Structures are given as structure tokens and as C-alpha cells.
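Novice: The structure is given below, and queries will be raised subsequently.
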Amino acid sequence: MAEALTVIGAGPVGSLLALSLARRGHEVRVFERRPDMRRVGIGAGRSINLAVSTRGLYALHQVGLDDEILRQAIPMRGRMVHGTSGEARFLRYGRDDSEFINSMSRGELNKLLMTEAERTGRVRIEFHQRLVGYGAGRARLRDERTGEEREVEATVVFGSDGSASALRAALALSVEQSSLDFGYKELTIPPAPGGGFSLAKNALHIWPRKNFMLIALPNLDGSFTCTLFLPFEGDASFASIAAPAAGERFFAETFPDALALIPRLEEALEEAPLGRMVTVRCSPWSRGAALLLGDAAHAIVPFFGQGMNAGFEDCTVLMEILDRDPDWSRAFAELSEMRKPDADAIADLAVENFVEMRDKVADPEFVLWKEVEAELSRRFPGEYLSRYQLVTFTRIPYRIAQEAGRLQTSLLRDLTRDARSPSEVDYSRAHSLIRTRLVPLLQPHGLAAKHG
Ligand SMILES: Cc1cc2nc3c(=O)[nH]c(=O)nc-3n(C[C@H](O)[C@H](O)[C@H](O)COP(=O)(O)OP(=O)(O)OC[C@H]3O[C@@H](n4cnc5c(N)ncnc54)[C@H](O)[C@@H]3O)c2cc1C
């Protein structure tokens, strides 16, 4: 019989990992510090809904759950950008309606994965169990209800215990952490009176305001979960809107259309916890037969919608490596070496995308670039894929998507130098630039060939 494995943390990544390992015939014990969210009404942590895209869906497909997840999700085909005077403009994410991201409840996704893992009969999740130490193949756990501590054998251990990972600390792996000077609060737009959605359903809504922004993702019940991103301090900040009625005044000036949709804004702002956003870069991700995955190894800021998708992709890649080399320590070291440059790339891209979302989407030059990009992907499918498409709709390594993004920036700058609209671009020159610069980068990863 295969040896028993230990997973710390039953978040989305730990639950998917336990399920994947069980499907390979392993017995898996999972220790989770929180109560069972299927039995008690706790939130699934920060972010009520999130965007699942190709990398996450591929990992879910490997365990046969992608169709089920898609049934519970709402497709978002692009960004609906809301201006200051109430006008809205739709910017498509992909080349057509076939490319979209999926708004999904994080809690429901997590619950489904836990249930499917347990249904294998090989996974046992123990709740209220916090990892407080690890050494010499033994994990020390504290029962969160009684405070009692015990030790269990855990010779092969996976740390999917999130951005403040206790396993990471116990393994004394080297970590770099940085946090943004911005925080976030979640608010809710309820379903429209009589049911239905009070904003366009199949879009990710953004109210970009240069140094800050509001976004909204749809939920199945017709509501939207909004996230307000603001600096902690300064003129327009969480500090400046903390005074009585200041939040409502701020919304009336900056997001009047959203204000009309959010009931009891002042109370909602006061009640919502203020979240921080961190980037964690850990190196390496493994020590012997202990491995970190998901946010424990690489927490990123949420602006590319890739944190969980990247964690799911860790599971995909790990299973591929284990198919070739079942030796735990070697497989863990290989995963760490292979994935670290990609995790670093998506961490950088996520920070860059914050500037794009809050500021550039309102800039006419950027809008022209996006329109030209859409035209290039339509005219040269498979040869021109935007950075967003590469990150979100393919499984090309993140570092290659980052490199392609740099090439595309110089290409778009060059092509739009004298153009005021997409019709003024020289597309035959564009095609030759794409063929000589972009295609050689993507082709070795099977992309240009696949779509071409
Ligand atoms: C506002 C916001 C929006 C986001 N939007 C997206 C998005 O659109 N798309 C996307 O892909 N990602 C998004 N993310 C990122 C995503 O939420 C995370 O990447 C994902 O939850 C990571 O999963 P995980 O299982 O690695 O870690 P976590 O979700 O943090 O789960 C860790 C689990 O470990 C448990 N745990 C922690 N410490 C211990 C311990 N010592 N002992 C035992 N158990 C422990 C925790 O209770 C938890 O259950 C967003 C994040 C935020 C904050």
C-alpha cells in the first residue's frame, strides 16, 4: 500500500491536492485549523468570489470536476469600465465569446473539493487542527478548541496553509515578503428588485479612478461582490473615509452609479474587514520530503485573478512530475526549480495589472492598444495572443507570457505611433513583426502551432 501523506491546510489548493493524491492511490490526512465550513457558517476567508480560468479549469479537469464548477460559475467575457459620469465601455478579454473567465464562489469551490476528496474514501480531513511546529518528520498540531497539542508522524508533508504558512516557517525556508500600501474591503450589490442582475451580468465591472478603484464580480443569485481598493493613508484612502458620512460622500463623488446600488454603504464599510495584499516569494519550495504549494509558496496580489489558478497549476505540474519520478524529494525539488521562475513572473504581472486596472483602462492610448490587440488576435489567431490571453486562456509558462508581454508593448507602441484608430494600423507590417518577433517565442511552447 502507498504510504500515508500529510497535507496542512484544506483551502482550495490543499483540498485539490488531497483529491489528486488520493486518486493516485494514496491515503491522505489533512489538518485544517478552521472549523468545517460545510457545517458552520464561516466565510471561506478573504474574497467571496474569484475568477477561475484555463489553468485552474485544466487542473479541475484532471480530477473530473471542471464541468461541475462551470455549472456553478458565471462567465465574464470582458471588463465593463465605468467612467465618472456613469458611461460604461466594454473591453473584451479574448478574441471572441469563446474566451472568458468564470466568477465562482470561493467557499462553494472549496466545499466541493473537500467533499470530493473525502468521497474517494482515502482522505480524512481533521478540522480545528493548527500546525504549530514541524521537524524530523513529525508535525506538532494544536487543537483550536481545547488548546491541546500532539505530535503526528508526517514523513511526506505538503504545506498548503496559505500566505502565512506555518510549515514554511518551521522549515526555515528563505522568504521575501512585500505588501502594497493599498488595502481592500468587500461590499455587496444585492440582486435587482424582483430578481436578476442590476449591472451587466457577464462582465467584470471596474470603476478605475487612477490611484484607486472599485470592481464587481457577479454571483449566481443576481448579486455582485464589490471590492474597493484604496491606499491605507492619504487623500482618498481608507483613513480619509473613516470619518462619519465620509464614505458616502466619497462614493457620491467618485462612484455615484455604484452608490445607488449598494444599500447602507456606511455600515457596510464599517463592518467589512480591511484586507492587506502581500506578495510572498519563497525559495526553495521544498526541503527533503516537505513541499509548499499555492499561497504558502507564492502568494500574489489579486489583480490578475491568478492566485488560486497558479496554486491549482502547481498540483497539475506536480502530478506530471510524479508520473515520471515517484521519488518525493526529487519530485519536490524539481517542482520548486521549475515553477519558481513562473511564480515570480505572475507575481510581477499581478502588481503591474493593478496599475492597468485602476489607471490605464481609462487612458485613450491604452484603449487604442487594447482595440488594436483585439484586431490582431482576430486577424492572426494563434499568432497574436495578448499577454492577458496567454496568462488567462493558455497554460504557457507565466515567464513566457511575461516575456511576450514585453515584446507586445514595443510592437504596439511601434504600430500605433501615428494611428488614432485601429483602422489606421498597417496590418501587413504588423503581421511580419508578429511572425519575426512573437511567434518564435511562443512556438516552442506549442502555441503558435496549436492555434495557427
Ligand atoms: C481579494 C482577493 C481576490 C482574489 N481573487 C482571485 C481570483 O480572482 N482568482 C484567483 O485565482 N485567485 C484569487 N485570489 C487568490 C486566492 O484567493 C488564493 O490564491 C487562494 O485562496 C490560495 O489558496 P491556498 O489553498 O493556497 O491558500 P488559502 O486559501 O489561504 O488556504 C489555506 C488554508 O490553510 C489553513 N491554514 C492556515 N494556517 C494553518 C495552520 N497553521 N494549520 C492548519 N491549517 C492552516 C487555512 O485555514 C486555509 O483553509 C484572490 C485573493 C484575494 C485576497
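So you can find residues: chains in the C-alpha cells are A, B, ... in the order shown, residues in each start at 1, and ligands are numbered from 1 in order.
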Name the residues in contact with range 280-289 of chain A at a cut-off of 7 Å, using only C-alpha atoms, excluding same-chain residues fewer than 6 positions from it; report them as a ChimeraX atom specification.
Specialist: /A:155-157,163,173-178,297-300,328-329,332-333,336
Novice: Can you build me a table of chain A residues sitting at most 7 Å from ligand 1, with the closest atom pair per residue and its distance in Å to one decimal, using only C-alpha atoms and all ligand atoms, sorted by chain and residue number, as CSV?
Specialist:
residue,atom,partner,partner_atom_place_in_ligand_line,distance
A:Ile8,CA,ligand 1,43 (C),5.2
A:Gly9,CA,ligand 1,34 (O),3.3
A:Ala10,CA,ligand 1,49 (O),4.7
A:Gly11,CA,ligand 1,31 (O),3.6
A:Pro12,CA,ligand 1,25 (O),4.2
A:Val13,CA,ligand 1,25 (O),3.7
A:Gly14,CA,ligand 1,25 (O),5.3
A:Phe31,CA,ligand 1,43 (C),5.4
A:Glu32,CA,ligand 1,44 (N),3.8
A:Arg33,CA,ligand 1,44 (N),4.0
A:Arg34,CA,ligand 1,47 (O),5.1
A:Gly45,CA,ligand 1,29 (O),7.0
A:Arg46,CA,ligand 1,53 (C),5.2
A:Ser47,CA,ligand 1,1 (C),4.5
A:Leu50,CA,ligand 1,8 (O),3.6
A:Ala51,CA,ligand 1,8 (O),3.6
A:Val52,CA,ligand 1,9 (N),5.6
A:Gln129,CA,ligand 1,43 (C),5.8
A:Arg130,CA,ligand 1,42 (N),3.5
A:Leu131,CA,ligand 1,42 (N),3.9
A:Val132,CA,ligand 1,41 (N),5.9
A:Ser160,CA,ligand 1,26 (O),5.1
A:Asp161,CA,ligand 1,34 (O),3.4
A:Gly162,CA,ligand 1,30 (O),3.6
A:Ser163,CA,ligand 1,30 (O),6.0
A:Ala164,CA,ligand 1,38 (N),6.8
A:Ser165,CA,ligand 1,38 (N),5.7
A:Ala166,CA,ligand 1,41 (N),4.8
A:Met277,CA,ligand 1,53 (C),6.7
A:Leu293,CA,ligand 1,26 (O),6.4
A:Gly294,CA,ligand 1,26 (O),3.6
A:Asp295,CA,ligand 1,26 (O),4.0
A:Ala296,CA,ligand 1,26 (O),5.9
A:Ala299,CA,ligand 1,19 (O),6.3
A:Val301,CA,ligand 1,51 (C),6.9
A:Pro302,CA,ligand 1,4 (C),4.6
A:Gly305,CA,ligand 1,9 (N),3.5
A:Gln306,CA,ligand 1,11 (O),3.8
A:Gly307,CA,ligand 1,19 (O),3.4
A:Met308,CA,ligand 1,11 (O),3.4
A:Asn309,CA,ligand 1,11 (O),4.1
A:Ala310,CA,ligand 1,11 (O),6.7
A:Gly311,CA,ligand 1,26 (O),5.9
Novice: Would you mind exporting N, CA and C atoms of the selected residues as a short mmCIF file (atom, residue, chain, number, x, y, z; two decimals), in the first residue's frame?
Specialist:
data_model
loop_
_atom_site.label_atom_id
_atom_site.label_comp_id
_atom_site.auth_asym_id
_atom_site.auth_seq_id
_atom_site.Cartn_x
_atom_site.Cartn_y
_atom_site.Cartn_z
N ILE A 8 -1.19 20.04 5.05
CA ILE A 8 -1.55 21.06 6.04
C ILE A 8 -2.34 22.15 5.33
N GLY A 9 -3.60 22.32 5.72
CA GLY A 9 -4.45 23.36 5.12
C GLY A 9 -5.40 22.78 4.10
N ALA A 10 -6.71 22.95 4.36
CA ALA A 10 -7.74 22.44 3.42
C ALA A 10 -8.40 23.60 2.69
N GLY A 11 -7.59 24.59 2.28
CA GLY A 11 -8.10 25.65 1.40
C GLY A 11 -8.30 25.04 0.02
N PRO A 12 -8.53 25.88 -1.00
CA PRO A 12 -8.74 25.32 -2.34
C PRO A 12 -7.56 24.46 -2.81
N VAL A 13 -6.33 24.91 -2.58
CA VAL A 13 -5.18 24.17 -3.11
C VAL A 13 -4.98 22.86 -2.34
N GLY A 14 -5.04 22.92 -1.00
CA GLY A 14 -4.86 21.70 -0.21
C GLY A 14 -5.92 20.66 -0.51
N PHE A 31 -4.87 18.35 7.79
CA PHE A 31 -5.12 19.08 9.03
C PHE A 31 -5.47 20.52 8.68
N GLU A 32 -6.62 20.96 9.15
CA GLU A 32 -7.12 22.31 8.82
C GLU A 32 -7.43 23.03 10.13
N ARG A 33 -6.92 24.25 10.25
CA ARG A 33 -7.09 24.94 11.54
C ARG A 33 -8.52 25.45 11.78
N ARG A 34 -9.26 25.69 10.70
CA ARG A 34 -10.60 26.25 10.88
C ARG A 34 -11.63 25.13 11.05
N GLY A 45 -12.67 32.66 4.14
CA GLY A 45 -11.51 33.55 4.18
C GLY A 45 -11.80 34.75 3.31
N ARG A 46 -10.77 35.46 2.95
CA ARG A 46 -10.92 36.66 2.14
C ARG A 46 -11.43 36.32 0.75
N SER A 47 -12.10 37.25 0.13
CA SER A 47 -12.63 37.17 -1.23
C SER A 47 -13.76 36.16 -1.35
N LEU A 50 -14.23 34.53 -6.84
CA LEU A 50 -12.99 34.74 -7.57
C LEU A 50 -13.12 34.23 -8.99
N ALA A 51 -12.14 34.61 -9.82
CA ALA A 51 -12.19 34.26 -11.23
C ALA A 51 -11.37 33.00 -11.47
N VAL A 52 -12.03 31.99 -12.02
CA VAL A 52 -11.33 30.75 -12.38
C VAL A 52 -11.11 30.78 -13.88
N GLN A 129 -7.47 21.84 13.64
CA GLN A 129 -6.12 21.35 13.92
C GLN A 129 -5.11 22.29 13.28
N ARG A 130 -4.41 23.04 14.11
CA ARG A 130 -3.44 24.01 13.60
C ARG A 130 -2.01 23.46 13.71
N LEU A 131 -1.30 23.52 12.60
CA LEU A 131 0.12 23.13 12.65
C LEU A 131 0.87 24.21 13.43
N VAL A 132 1.60 23.78 14.45
CA VAL A 132 2.38 24.78 15.21
C VAL A 132 3.88 24.47 15.18
N SER A 160 0.00 23.53 2.30
CA SER A 160 -0.89 24.38 1.50
C SER A 160 -1.65 25.23 2.51
N ASP A 161 -0.89 25.82 3.44
CA ASP A 161 -1.50 26.55 4.56
C ASP A 161 -1.42 28.06 4.38
N GLY A 162 -1.45 28.50 3.11
CA GLY A 162 -1.68 29.90 2.83
C GLY A 162 -0.47 30.81 3.04
N SER A 163 -0.71 32.13 2.81
CA SER A 163 0.40 33.08 2.71
C SER A 163 1.22 33.22 3.99
N ALA A 164 0.61 32.89 5.15
CA ALA A 164 1.37 32.99 6.40
C ALA A 164 1.80 31.60 6.86
N SER A 165 2.07 30.72 5.92
CA SER A 165 2.34 29.30 6.17
C SER A 165 3.20 28.99 7.41
N ALA A 166 2.63 28.15 8.28
CA ALA A 166 3.37 27.72 9.46
C ALA A 166 4.42 26.67 9.07
N MET A 277 -2.69 43.23 1.09
CA MET A 277 -2.28 42.41 -0.06
C MET A 277 -0.78 42.21 -0.06
N LEU A 293 3.01 24.51 -1.50
CA LEU A 293 2.29 24.80 -2.75
C LEU A 293 1.29 25.93 -2.51
N GLY A 294 0.81 26.49 -3.61
CA GLY A 294 -0.21 27.54 -3.51
C GLY A 294 0.34 28.78 -2.82
N ASP A 295 -0.54 29.51 -2.12
CA ASP A 295 -0.13 30.76 -1.49
C ASP A 295 1.01 30.57 -0.50
N ALA A 296 1.15 29.41 0.08
CA ALA A 296 2.25 29.17 1.04
C ALA A 296 3.59 29.37 0.35
N ALA A 299 2.33 33.63 -2.58
CA ALA A 299 1.14 34.49 -2.53
C ALA A 299 1.37 35.70 -3.43
N VAL A 301 -0.61 39.40 -5.33
CA VAL A 301 -1.73 40.33 -5.19
C VAL A 301 -2.81 39.93 -6.21
N PRO A 302 -4.08 40.30 -5.96
CA PRO A 302 -5.15 39.65 -6.72
C PRO A 302 -5.46 40.20 -8.12
N GLY A 305 -6.12 37.91 -11.17
CA GLY A 305 -7.05 36.80 -10.96
C GLY A 305 -6.37 35.45 -11.10
N GLN A 306 -5.12 35.34 -10.63
CA GLN A 306 -4.36 34.11 -10.90
C GLN A 306 -3.88 33.38 -9.64
N GLY A 307 -4.08 33.94 -8.44
CA GLY A 307 -3.51 33.31 -7.24
C GLY A 307 -3.90 31.85 -7.11
N MET A 308 -5.19 31.59 -7.12
CA MET A 308 -5.65 30.22 -6.95
C MET A 308 -5.37 29.40 -8.22
N ASN A 309 -5.55 30.04 -9.37
CA ASN A 309 -5.25 29.33 -10.63
C ASN A 309 -3.80 28.83 -10.63
N ALA A 310 -2.90 29.69 -10.15
CA ALA A 310 -1.48 29.30 -10.11
C ALA A 310 -1.27 28.16 -9.12
N GLY A 311 -1.96 28.21 -7.98
CA GLY A 311 -1.85 27.14 -6.98
C GLY A 311 -2.38 25.82 -7.54
#
Novice: Using the chain letters and numbers from this document, which residues of range 170-263 of chain A does DSSP assign to alpha helix (DSSP H), as a list in words?
Specialist: Ala170, Leu171, Ala246, Gly247, Glu248, Arg249, Phe250, Phe251, Ala252, Glu253, Thr254, Pro256, Asp257, Ala258 and Leu259 of chain A
Novice: Measuring atom to atom with only C-alpha atoms, identify which of A:Asp348, A:Glu337, A:Glu371, A:Glu271 is nearest to Glu403 in chain A.
Specialist: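 For Glu403 in chain A, the nearest of the candidates is A:Asp348.
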Novice: Between CA of Leu376 in chain A and CA of Ser53 in chain A, what distance in Å does the model show, to one decimal?
Specialist: 22.0 Å
Novice: List as a list in words the protein and nucleic acid residues near His205 in chain A, meaning an atom at most 6 Å away when only C-alpha atoms are counted, but skip any in the same chain fewer than 3 places from it.
Specialist: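 Neighbouring residues, sequence-local ones excluded: Arg79, Met80, Ile215 and Ala216 of chain A.
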Novice: Can you list, as a PyMOL selection string, every residue of range 182-240 of chain A that DSSP puts in strand (DSSP E or B)?
Specialist: chain A and resi 182-189+204-208+213-218+224-231
Novice: Set the distance at 10 Å and use only C-alpha atoms: which residues neighbour Pro35 in chain A once local chain neighbours fewer than 3 positions away are removed? I'd like the list as a ChimeraX atom specification.
Specialist: /A:32,38-42,126-129,144-145
Novice: Would you please work out which residue, of A:Val123, A:Leu199, A:Met213, A:Leu335, is nearest to Ala18 in chain A when using only C-alpha atoms?
Specialist: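 Of A:Val123, A:Leu199, A:Met213, A:Leu335, the one nearest Ala18 in chain A is A:Val123, counting only C-alpha atoms.
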